[in-house]
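K.L.:
Take this structure, written in structure tokens, and hold onto it; I'll ask about it next.
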Amino acid sequence: MQIELIKTILGIIAPQVVIDKFELVSINEQSDCIILEFEELTECIPKELVNKSYTHAGFWNKIELHTFPQKGKNCFLHIRRRKWKESETGKIHSNHYDLHKEGMKATEELGAFIKKNNR
């Protein structure tokens with residue numbers, strides 16, 4: 001019950017794909033903003049690596065997205081996707097998610113809201 005409640009609250013702030021594929025690892029409230037840190041779940045292995053040997057190879061640089069303000073403060077999602085290294089070839093693999101529109105540093109929902117209200 002508690003986990004579902006937390007997911008519901010996070011669904012108000014973050015896109016559904018973030019709730020489904022990433023784990024909230026920290027919340028940092030500062031004087032002017034709130035930062036929610038997410039890391040990709042370890043079970044989200046890229047399709048290319050199914051039935052292959054691989055190792056975890058760290059994370060890509062974080063993606064920083066602006067989302068709807070919370071408590072009168074700017075709110076940012078810091079999202080880190082995992083890297084996996086294919087044991088046999090050494091090739092790095094990762095998942096790709098549509099988290100924002102090209103050229104925007106905001107969630108699609110916030111971008112659509114701003115666009116709608118600027119007309």
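Residues are named by chain letter and number: chains run A, B, ... in the order of the structure tokens, numbers start at 1 in each chain, and ligands are numbered from 1 in the order shown.
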Excluding Lys21 (chain A) and its own-chain neighbours fewer than 5 positions away, which residues fall within 12 Å of it when counting only C-alpha atoms? Please give them as a list of chain:residue names.
P.N.:
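Close residues of Lys21 (chain A): A:Lys7, A:Ala14, A:Pro15, A:Gln16, A:Phe38, A:Glu39, A:Glu40, A:Leu41, A:Thr42, A:Glu43, A:Cys44, A:Ile45, A:Pro46, A:Ile79, A:Arg80, A:Arg81, A:Arg82, A:Asn95, A:His96, A:Tyr97, A:Asp98, A:Leu99.
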K.L.:
Compile the contact shell of Trp84 (chain A) as a list in words: residues with an atom at most 8 Å away, counting only C-alpha atoms, same-chain residues fewer than 2 positions apart removed.
P.N.:
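Within the cut-off, the hits are Ile45, Tyr54, Thr55, His56, Ala57, Gly58, Arg82, Glu86, Ile92, His93 and Ser94 of chain A.
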K.L.:
For the selection you just gave me, I'd like the residues written to a file as a short mmCIF file (atom, residue, chain, number, x, y, z; two decimals), in the first residue's frame, keeping N, CA and C atoms.
P.N.:
```cif
data_model
loop_
_atom_site.label_atom_id
_atom_site.label_comp_id
_atom_site.auth_asym_id
_atom_site.auth_seq_id
_atom_site.Cartn_x
_atom_site.Cartn_y
_atom_site.Cartn_z
N ILE A 45 17.12 -4.13 -18.32
CA ILE A 45 18.24 -4.52 -19.18
C ILE A 45 17.87 -4.27 -20.65
N TYR A 54 26.73 -9.88 -19.53
CA TYR A 54 27.00 -8.45 -19.45
C TYR A 54 27.35 -8.07 -18.02
N THR A 55 27.89 -6.87 -17.88
CA THR A 55 28.18 -6.30 -16.56
C THR A 55 27.64 -4.88 -16.52
N HIS A 56 27.37 -4.41 -15.33
CA HIS A 56 26.94 -3.02 -15.15
C HIS A 56 28.17 -2.14 -15.35
N ALA A 57 28.03 -1.07 -16.15
CA ALA A 57 29.17 -0.22 -16.48
C ALA A 57 28.95 1.23 -16.06
N GLY A 58 28.25 1.43 -14.96
CA GLY A 58 28.06 2.79 -14.47
C GLY A 58 26.83 3.46 -15.05
N ARG A 82 21.38 3.81 -16.87
CA ARG A 82 22.48 2.87 -16.68
C ARG A 82 23.17 2.55 -18.00
N GLU A 86 28.58 -5.36 -22.73
CA GLU A 86 28.46 -6.73 -23.22
C GLU A 86 29.81 -7.42 -23.01
N ILE A 92 29.08 -1.07 -25.27
CA ILE A 92 28.22 -0.47 -24.24
C ILE A 92 26.80 -0.36 -24.80
N HIS A 93 25.83 -0.76 -23.98
CA HIS A 93 24.42 -0.69 -24.34
C HIS A 93 23.68 0.12 -23.28
N SER A 94 22.56 0.70 -23.68
CA SER A 94 21.69 1.39 -22.73
C SER A 94 20.29 1.50 -23.32
#
```
K.L.:
I'd like to know which residues of chain A are strand (DSSP E) (by DSSP, run on the backbone); could you write them as a PyMOL selection string?
P.N.:
chain A and resi 22-29+33-40+54-59+63-70+73-80+82-86+92-93
K.L.:
According to DSSP computed on the backbone, where in region 10-103 of chain A is there alpha helix (DSSP H)? Give the residues as a PDB file with N, CA and C atoms, in the first residue's frame.
P.N.:
```pdb
ATOM      1  N   LEU A  10       4.381  10.536  -6.819  1.00  0.00           N
ATOM      2  CA  LEU A  10       5.413  10.812  -7.820  1.00  0.00           C
ATOM      3  C   LEU A  10       4.811  11.014  -9.200  1.00  0.00           C
ATOM      4  N   GLY A  11       3.704  10.319  -9.498  1.00  0.00           N
ATOM      5  CA  GLY A  11       3.041  10.464 -10.790  1.00  0.00           C
ATOM      6  C   GLY A  11       2.489  11.857 -11.021  1.00  0.00           C
ATOM      7  N   ILE A  12       2.279  12.607  -9.963  1.00  0.00           N
ATOM      8  CA  ILE A  12       1.839  13.993 -10.076  1.00  0.00           C
ATOM      9  C   ILE A  12       3.005  14.878 -10.523  1.00  0.00           C
ATOM     10  N   ILE A  13       4.211  14.478 -10.174  1.00  0.00           N
ATOM     11  CA  ILE A  13       5.402  15.291 -10.407  1.00  0.00           C
ATOM     12  C   ILE A  13       6.183  14.855 -11.652  1.00  0.00           C
ATOM     13  N   GLN A  16       5.151   9.231 -16.369  1.00  0.00           N
ATOM     14  CA  GLN A  16       4.906   7.831 -16.024  1.00  0.00           C
ATOM     15  C   GLN A  16       6.107   6.939 -16.332  1.00  0.00           C
ATOM     16  N   VAL A  17       6.804   7.188 -17.434  1.00  0.00           N
ATOM     17  CA  VAL A  17       7.961   6.353 -17.777  1.00  0.00           C
ATOM     18  C   VAL A  17       9.030   6.437 -16.690  1.00  0.00           C
ATOM     19  N   VAL A  18       9.178   7.577 -16.063  1.00  0.00           N
ATOM     20  CA  VAL A  18      10.146   7.726 -14.974  1.00  0.00           C
ATOM     21  C   VAL A  18       9.695   6.899 -13.771  1.00  0.00           C
ATOM     22  N   ILE A  19       8.415   6.918 -13.468  1.00  0.00           N
ATOM     23  CA  ILE A  19       7.884   6.145 -12.343  1.00  0.00           C
ATOM     24  C   ILE A  19       8.065   4.649 -12.588  1.00  0.00           C
ATOM     25  N   ASP A  20       7.866   4.222 -13.851  1.00  0.00           N
ATOM     26  CA  ASP A  20       7.923   2.797 -14.192  1.00  0.00           C
ATOM     27  C   ASP A  20       9.338   2.250 -14.317  1.00  0.00           C
ATOM     28  N   LYS A  21      10.271   3.045 -14.819  1.00  0.00           N
ATOM     29  CA  LYS A  21      11.601   2.538 -15.176  1.00  0.00           C
ATOM     30  C   LYS A  21      12.740   3.037 -14.299  1.00  0.00           C
TER      31      LYS A  21
END
```
K.L.:
Tell me which of A:Ile3, A:Ile27, A:Ile63, A:Ile9 sits closest to Lys105 (chain A), counting only C-alpha atoms.
P.N.:
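Smallest separation from Lys105 (chain A) among the options: A:Ile63.
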K.L.:
I'd like the interatomic distance between CA of Lys47 (chain A) and CA of Lys101 (chain A), to a tenth of an Å.
P.N.:
23.6 Å
K.L.:
Can you measure CA of Phe113 (chain A) to CA of Trp60 (chain A) for me? One decimal in Å is fine.
P.N.:
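We find that CA of Phe113 (chain A) and CA of Trp60 (chain A) lie 28.7 Å from each other.
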K.L.:
Can you measure CA of Phe59 (chain A) to CA of Thr107 (chain A) for me? One decimal in Å is fine.
P.N.:
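Result for CA of Phe59 (chain A) versus CA of Thr107 (chain A): 20.7 Å, one decimal.
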K.L.:
Ranking A:Gln30, A:Thr89, A:Asn51, A:Asn117 by minimum distance to Phe76 (chain A) and counting only C-alpha atoms, which one comes first?
P.N.:
A:Gln30
K.L.:
Determine, counting only C-alpha atoms, which protein, DNA and RNA residues have an atom within 10 Å of an atom of Lys71 (chain A); residues of the same chain fewer than 4 positions away are not included. Present the result as an NGL selection string.
P.N.:
:A and (33-34 or 75)
